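Below is one structure; the comments refer to it alone.
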Amino acid sequence: MRYVIIGSGVAGMAAIEAIRSSGKAGEIVMIGDDPHGFYSRPGLAYFLTGELHDKALFPRTQDDYQRLHFKYQKGRVTRILPTEMAIELDGKTRLSYDKLLIAVGAQAMPLTIPGARLEGVIKLDHLDDARHILKFAKRGKTAVVVGGGITALELVEGLLARGVKVHYLLRGDRYWGNVLDLYESRIVERRLQEEGVALHFHTELAEILGKGHVQEIRLKDGRTMRCDMVAYAIGIKPRIELAHAAGLAVDRGILTNEYLQTTNENIFAAGDVAQVYDPSIGRSVIDSLWHLARDQGHTAGLNMAGERQAYVRNTPFNVTRLAGLTTTIIGSVGHGHDDDIVGIARGDSETWRQLPDAIVAQTGFDVNRVRLMVGEKTLLGAVVMGDQTISAPLQKIIRNKMDITPMREKLLARDAKIADVVVDFWTNHKMN
Amino acid sequence: MEEEVPLSFLNIFKTDSTKRVALSAGHVVPDPARCVQCGICTYNCPIGIDVRAHAWDGEAIKHSECLTCGECVARCPRGVLRFERTDLFTGGAR
């Protein structure tokens, strides 16, 4: 039995662990086109700010890899040949498989305006991108950042930490409008401004100008601005090309059933590239969240090893730092469309952007803020900014769809101290 | 008499008395769902414990050399780690 895994991210790694945990002895080959193999891509943000060395981004040692007993091969898969049950590597050699996992993730949506190929136009997708950014990000330089969501802000903060003057361009009237509410957006924006970031609303990049490298940008309204680099994070795109060319069913991601199986029974998909059927809501969704990618990889691995285990999608949840503020986003919290992001953003879930049929309860001031989406009997979502004391209880209350009847009225009372109400509810629950 | 102060990563460094409570009767516990394996915890551990590996496995850092100094708890950008008090008589968390 040969298991082949395309992609060296967390979904692939979790799949290998799951195959081994099931006691299967077959051969496992992981093939990755990232020259650095498995490392923490979310951690790149902290490498940019200088909080850790890039060598620290690698969670596994050679010993760990030997224990899992798999072969890692650097290379690019150029074709999947389902009828022959083989893959083609670098357009030349072939490797047969019995079970195949596609876990190639997603990549940054490209910037398509004139000048986008000039030196100094940067993105944050891989370790090489982060190293590349640091070559440009010198004190006294000026950068323009475009895009919304988490990655754009990581670029802003990383550049700022390196002493770069940052202009952050937003097409709409506020930051990350499809997930955060107005107040939360304003908190983030104000903190950025206090750190010296120049925010430009209703501003759209039209063209990047320069001789070989970035020297200036031109906006849609005709204004120009001098700068040394342009950083973009306008969304991500699942890397579905291989699967599509192989005749597997794809939509925006590779379509799988709840067993992470594609339309070919021997081929599975997991992580940012997968659009997974969720029986509880009756449709297929893309989550671009690290821990869900790990869960998916794990389930895919078990199923590749011959078990029959359905993937149970946990409530989408992410913790991130927005302008220095730890922020937890759980379940459904926002709505609709964001001018700055095309599709989904890294570290984002489609569920976050559903319009919940809920009443909003909120509390807090400036840096400590809680917003709850209160449903009929359950909490549907929450945003916790700053103090994270109640984010762990909220995670459980939302994830387990706990009956909130005992606190619902108190939550919706005028001027309710909702953090206290939640803590009381949780304490009572724990005691009983 | 030392006053009992609830332990959390936000107030753990506020008083020496709190810190002593943690030092004597606590350990660091991860929430794996929040962790992205960035490694800031391991990178900052003064005695080189691989805190990140514990977080991947969802295991408390019950390492004989752990000083419960709190570096990992304070530096984690995603609030993965927290102190939990250990009941010294039963060995479990309370």
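Here, A, B, ... name the chains of the structure tokens in the order displayed, residue numbers run from 1 inside each chain, and ligands are numbered from 1 in the same displayed order.
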Open item on the list: Tell me as a list in words which residues belonging to chain B come within 9 Å of chain A, counting only C-alpha atoms.
Closed with: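 Taken together, these residues fit the definition: Ser8, Phe9, Leu10, Asp31, Pro32, Ala33, Arg34, Cys35, Val36, Gln37, Cys38, Gly39, Ile40, Thr42, Tyr43, Asn44, Arg52, Ala53, Pro77, Arg78 and Gly79 of chain B.
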Determine, for each residue of segment 99-133 of chain A having at least one atom at most 10 Å from an atom of segment 204-215 of chain A, the closest pair of atoms and their separation in Å to one decimal, counting only C-alpha atoms; order by chain and ascending number, as JSON lines.
{"residue": "A:Thr112", "atom": "CA", "partner": "A:Glu207", "partner_atom": "CA", "distance": 9.4}
{"residue": "A:Ile113", "atom": "CA", "partner": "A:Glu207", "partner_atom": "CA", "distance": 5.7}
{"residue": "A:Pro114", "atom": "CA", "partner": "A:Glu207", "partner_atom": "CA", "distance": 5.1}
{"residue": "A:Gly115", "atom": "CA", "partner": "A:Ile208", "partner_atom": "CA", "distance": 4.5}
{"residue": "A:Ala116", "atom": "CA", "partner": "A:Ile208", "partner_atom": "CA", "distance": 6.5}
{"residue": "A:Arg117", "atom": "CA", "partner": "A:His213", "partner_atom": "CA", "distance": 8.7}
{"residue": "A:Leu118", "atom": "CA", "partner": "A:His213", "partner_atom": "CA", "distance": 4.9}
{"residue": "A:Glu119", "atom": "CA", "partner": "A:His213", "partner_atom": "CA", "distance": 4.3}
{"residue": "A:Gly120", "atom": "CA", "partner": "A:Val214", "partner_atom": "CA", "distance": 5.5}
{"residue": "A:Val121", "atom": "CA", "partner": "A:Val214", "partner_atom": "CA", "distance": 7.0}
Open item on the list: Which residues are close to segment 418-430 of chain A, i.e. within 9 Å by only C-alpha atoms, leaving aside same-chain residues fewer than 6 positions away? Reply as a PyMOL selection string.
Closed with: chain A and resi 361-364+369-372+389-390+393-394+397+404+406-407+410-412
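Atom CA of Ile236 of chain A lies 22.4 Å from atom CA of Val166 of chain A.
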Open item on the list: For a test of reading the model, state the distance in Å between atom CA of Arg223 of chain A and atom CA of Asp173 of chain A, rounded to one decimal.
Closed with: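 Taking atom CA of Arg223 of chain A and atom CA of Asp173 of chain A, their separation equals 18.2 Å.
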Task: Selection: 8 Å around Tyr259 of chain A, only C-alpha atoms, excl. self and same-chain fewer than 3 positions, as JSON, numbers by chain - done: {"A": [256, 299, 300, 303, 308, 309, 310, 311]}
Export of the given selection (N, CA and C atoms) as a compact mmCIF listing (two decimals), in the first residue's frame:
# COMPACT_ATOMS: atom_id res chain seq x y z
N THR A 256 -15.52 17.67 -1.81
CA THR A 256 -15.40 16.36 -1.15
C THR A 256 -16.70 16.07 -0.41
N THR A 299 -8.87 13.43 9.60
CA THR A 299 -9.98 12.56 9.16
C THR A 299 -9.67 11.93 7.81
N ALA A 300 -9.11 12.72 6.90
CA ALA A 300 -8.75 12.17 5.58
C ALA A 300 -7.76 11.02 5.74
N ASN A 303 -9.46 7.87 6.89
CA ASN A 303 -10.25 7.26 5.82
C ASN A 303 -9.36 6.65 4.74
N ARG A 308 -13.77 4.41 8.34
CA ARG A 308 -14.86 5.17 7.74
C ARG A 308 -15.31 6.17 8.78
N GLN A 309 -14.68 7.34 8.74
CA GLN A 309 -14.99 8.33 9.75
C GLN A 309 -15.42 9.63 9.10
N ALA A 310 -16.60 10.10 9.46
CA ALA A 310 -17.08 11.36 8.89
C ALA A 310 -16.37 12.52 9.58
N TYR A 311 -16.10 13.55 8.81
CA TYR A 311 -15.51 14.77 9.35
C TYR A 311 -16.62 15.59 10.00
TODO: Write out as a list in words all residues of segment 260-343 of chain A that DSSP puts in helix (DSSP H, G or I) for this structure's backbone.
DONE: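 DSSP on the backbone gives helix (DSSP H, G or I) at Gly271, Asp272, Val273, Trp290, His291, Leu292, Ala293, Arg294, Asp295, Gln296, Gly297, His298, Thr299, Ala300, Gly301, Leu302, Asn303 and Met304 of chain A.
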Open item on the list: At a cut-off of 12 Å, using only C-alpha atoms, what residues contact Lys377 of chain A? Leave out same-chain residues fewer than 6 positions from it and give the result as a list of chain:residue names.
Closed with: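 The residues that qualify are A:Asp357, A:Ala358, A:Ile359, A:Ile397, A:Ile398, A:Lys401, A:Met402, A:Asp403, A:Ile404, A:Thr405, A:Pro406, A:Met407, A:Arg408, A:Glu409.
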For the residues in that selection, give me N, CA and C atoms as an mmCIF file, in the first residue's frame.
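Saved the output as part_24.cif:
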data_model
loop_
_atom_site.group_PDB
_atom_site.id
_atom_site.type_symbol
_atom_site.label_atom_id
_atom_site.label_comp_id
_atom_site.auth_asym_id
_atom_site.auth_seq_id
_atom_site.Cartn_x
_atom_site.Cartn_y
_atom_site.Cartn_z
ATOM 1 N N ASP A 357 -29.127 35.023 11.994
ATOM 2 C CA ASP A 357 -30.457 35.445 12.416
ATOM 3 C C ASP A 357 -30.392 35.624 13.922
ATOM 4 N N ALA A 358 -29.861 36.744 14.320
ATOM 5 C CA ALA A 358 -29.555 36.887 15.731
ATOM 6 C C ALA A 358 -29.642 38.341 16.180
ATOM 7 N N ILE A 359 -29.736 38.498 17.483
ATOM 8 C CA ILE A 359 -29.695 39.830 18.070
ATOM 9 C C ILE A 359 -28.273 40.058 18.554
ATOM 10 N N ILE A 397 -19.509 27.258 24.703
ATOM 11 C CA ILE A 397 -20.956 27.512 24.675
ATOM 12 C C ILE A 397 -21.462 27.504 23.227
ATOM 13 N N ILE A 398 -20.682 28.095 22.333
ATOM 14 C CA ILE A 398 -21.100 28.175 20.931
ATOM 15 C C ILE A 398 -20.901 26.828 20.239
ATOM 16 N N LYS A 401 -23.357 24.261 21.209
ATOM 17 C CA LYS A 401 -24.737 24.742 21.045
ATOM 18 C C LYS A 401 -25.507 24.638 22.362
ATOM 19 N N MET A 402 -24.882 25.134 23.417
ATOM 20 C CA MET A 402 -25.516 25.040 24.733
ATOM 21 C C MET A 402 -26.775 25.899 24.798
ATOM 22 N N ASP A 403 -27.753 25.401 25.526
ATOM 23 C CA ASP A 403 -29.005 26.122 25.694
ATOM 24 C C ASP A 403 -28.758 27.346 26.587
ATOM 25 N N ILE A 404 -28.968 28.520 26.035
ATOM 26 C CA ILE A 404 -28.649 29.744 26.784
ATOM 27 C C ILE A 404 -29.879 30.373 27.434
ATOM 28 N N THR A 405 -30.985 29.626 27.438
ATOM 29 C CA THR A 405 -32.219 30.181 28.008
ATOM 30 C C THR A 405 -31.993 30.836 29.380
ATOM 31 N N PRO A 406 -31.219 30.199 30.276
ATOM 32 C CA PRO A 406 -31.052 30.827 31.600
ATOM 33 C C PRO A 406 -30.413 32.219 31.558
ATOM 34 N N MET A 407 -29.660 32.542 30.503
ATOM 35 C CA MET A 407 -29.008 33.876 30.516
ATOM 36 C C MET A 407 -29.476 34.784 29.379
ATOM 37 N N ARG A 408 -30.351 34.274 28.521
ATOM 38 C CA ARG A 408 -30.667 35.029 27.311
ATOM 39 C C ARG A 408 -31.243 36.416 27.624
ATOM 40 N N GLU A 409 -32.203 36.423 28.534
ATOM 41 C CA GLU A 409 -32.843 37.695 28.857
ATOM 42 C C GLU A 409 -31.836 38.682 29.464
#
- [ ] Have a look at atom CA of His63 of chain B and atom CA of Gln66 of chain A and let me know their distance in Å, one decimal.
- [x] 23.7 Å
Task: Per-residue DSSP, segment 64-312 of chain A, filtered to strand (DSSP E), as a PyMOL selection string - done: chain A and resi 71-74+77-81+86-89+93-96+99-102+106-108+121-122+142-147+165-169+198-200+205-209+216-219+224-226+229-233+236-238+254-256+267-269+274-278+283-285
Task: Spatial neighbours of Cys45 of chain B, 12 Å, only C-alpha atoms, chain gap at least 2 places, as a PyMOL selection string - done: (chain A and resi 56) or (chain B and resi 39-43+47-52+61+65-76)
Task: Which residue of A:Ala413, A:Thr351, A:Ser332, A:Val77 approaches Gly375 of chain A most closely, using only C-alpha atoms - done: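 Between A:Ala413, A:Thr351, A:Ser332, A:Val77, the residue approaching Gly375 of chain A most closely is A:Ser332.
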Open item on the list: Set the distance at 12 Å and use only C-alpha atoms: which residues neighbour Gln193 of chain A once local chain neighbours fewer than 3 positions away are removed? I'd like the list as a PyMOL selection string.
Closed with: chain A and resi 156-157+160+165-168+186-190+196-200+323
Write the residues of the selection above to a file with C-alpha atoms, as a tab-separated table (two decimals), in the first residue's frame.
chain	number	residue	atom	x	y	z
A	156	VAL	CA	1.07	46.39	7.99
A	157	GLU	CA	2.29	45.39	11.44
A	160	LEU	CA	5.77	48.88	10.90
A	165	LYS	CA	6.40	54.10	7.01
A	166	VAL	CA	3.10	52.42	6.10
A	167	HIS	CA	0.19	53.72	4.05
A	168	TYR	CA	-2.75	51.34	4.29
A	186	ARG	CA	-12.66	51.65	14.41
A	187	ILE	CA	-10.78	50.19	17.38
A	188	VAL	CA	-8.30	48.54	15.04
A	189	GLU	CA	-8.00	51.62	12.82
A	190	ARG	CA	-7.42	53.94	15.75
A	196	GLY	CA	1.80	55.93	12.86
A	197	VAL	CA	0.03	54.07	10.05
A	198	ALA	CA	-1.58	56.39	7.52
A	199	LEU	CA	-5.04	55.04	6.65
A	200	HIS	CA	-6.64	55.98	3.35
A	323	ALA	CA	-3.21	45.93	15.77
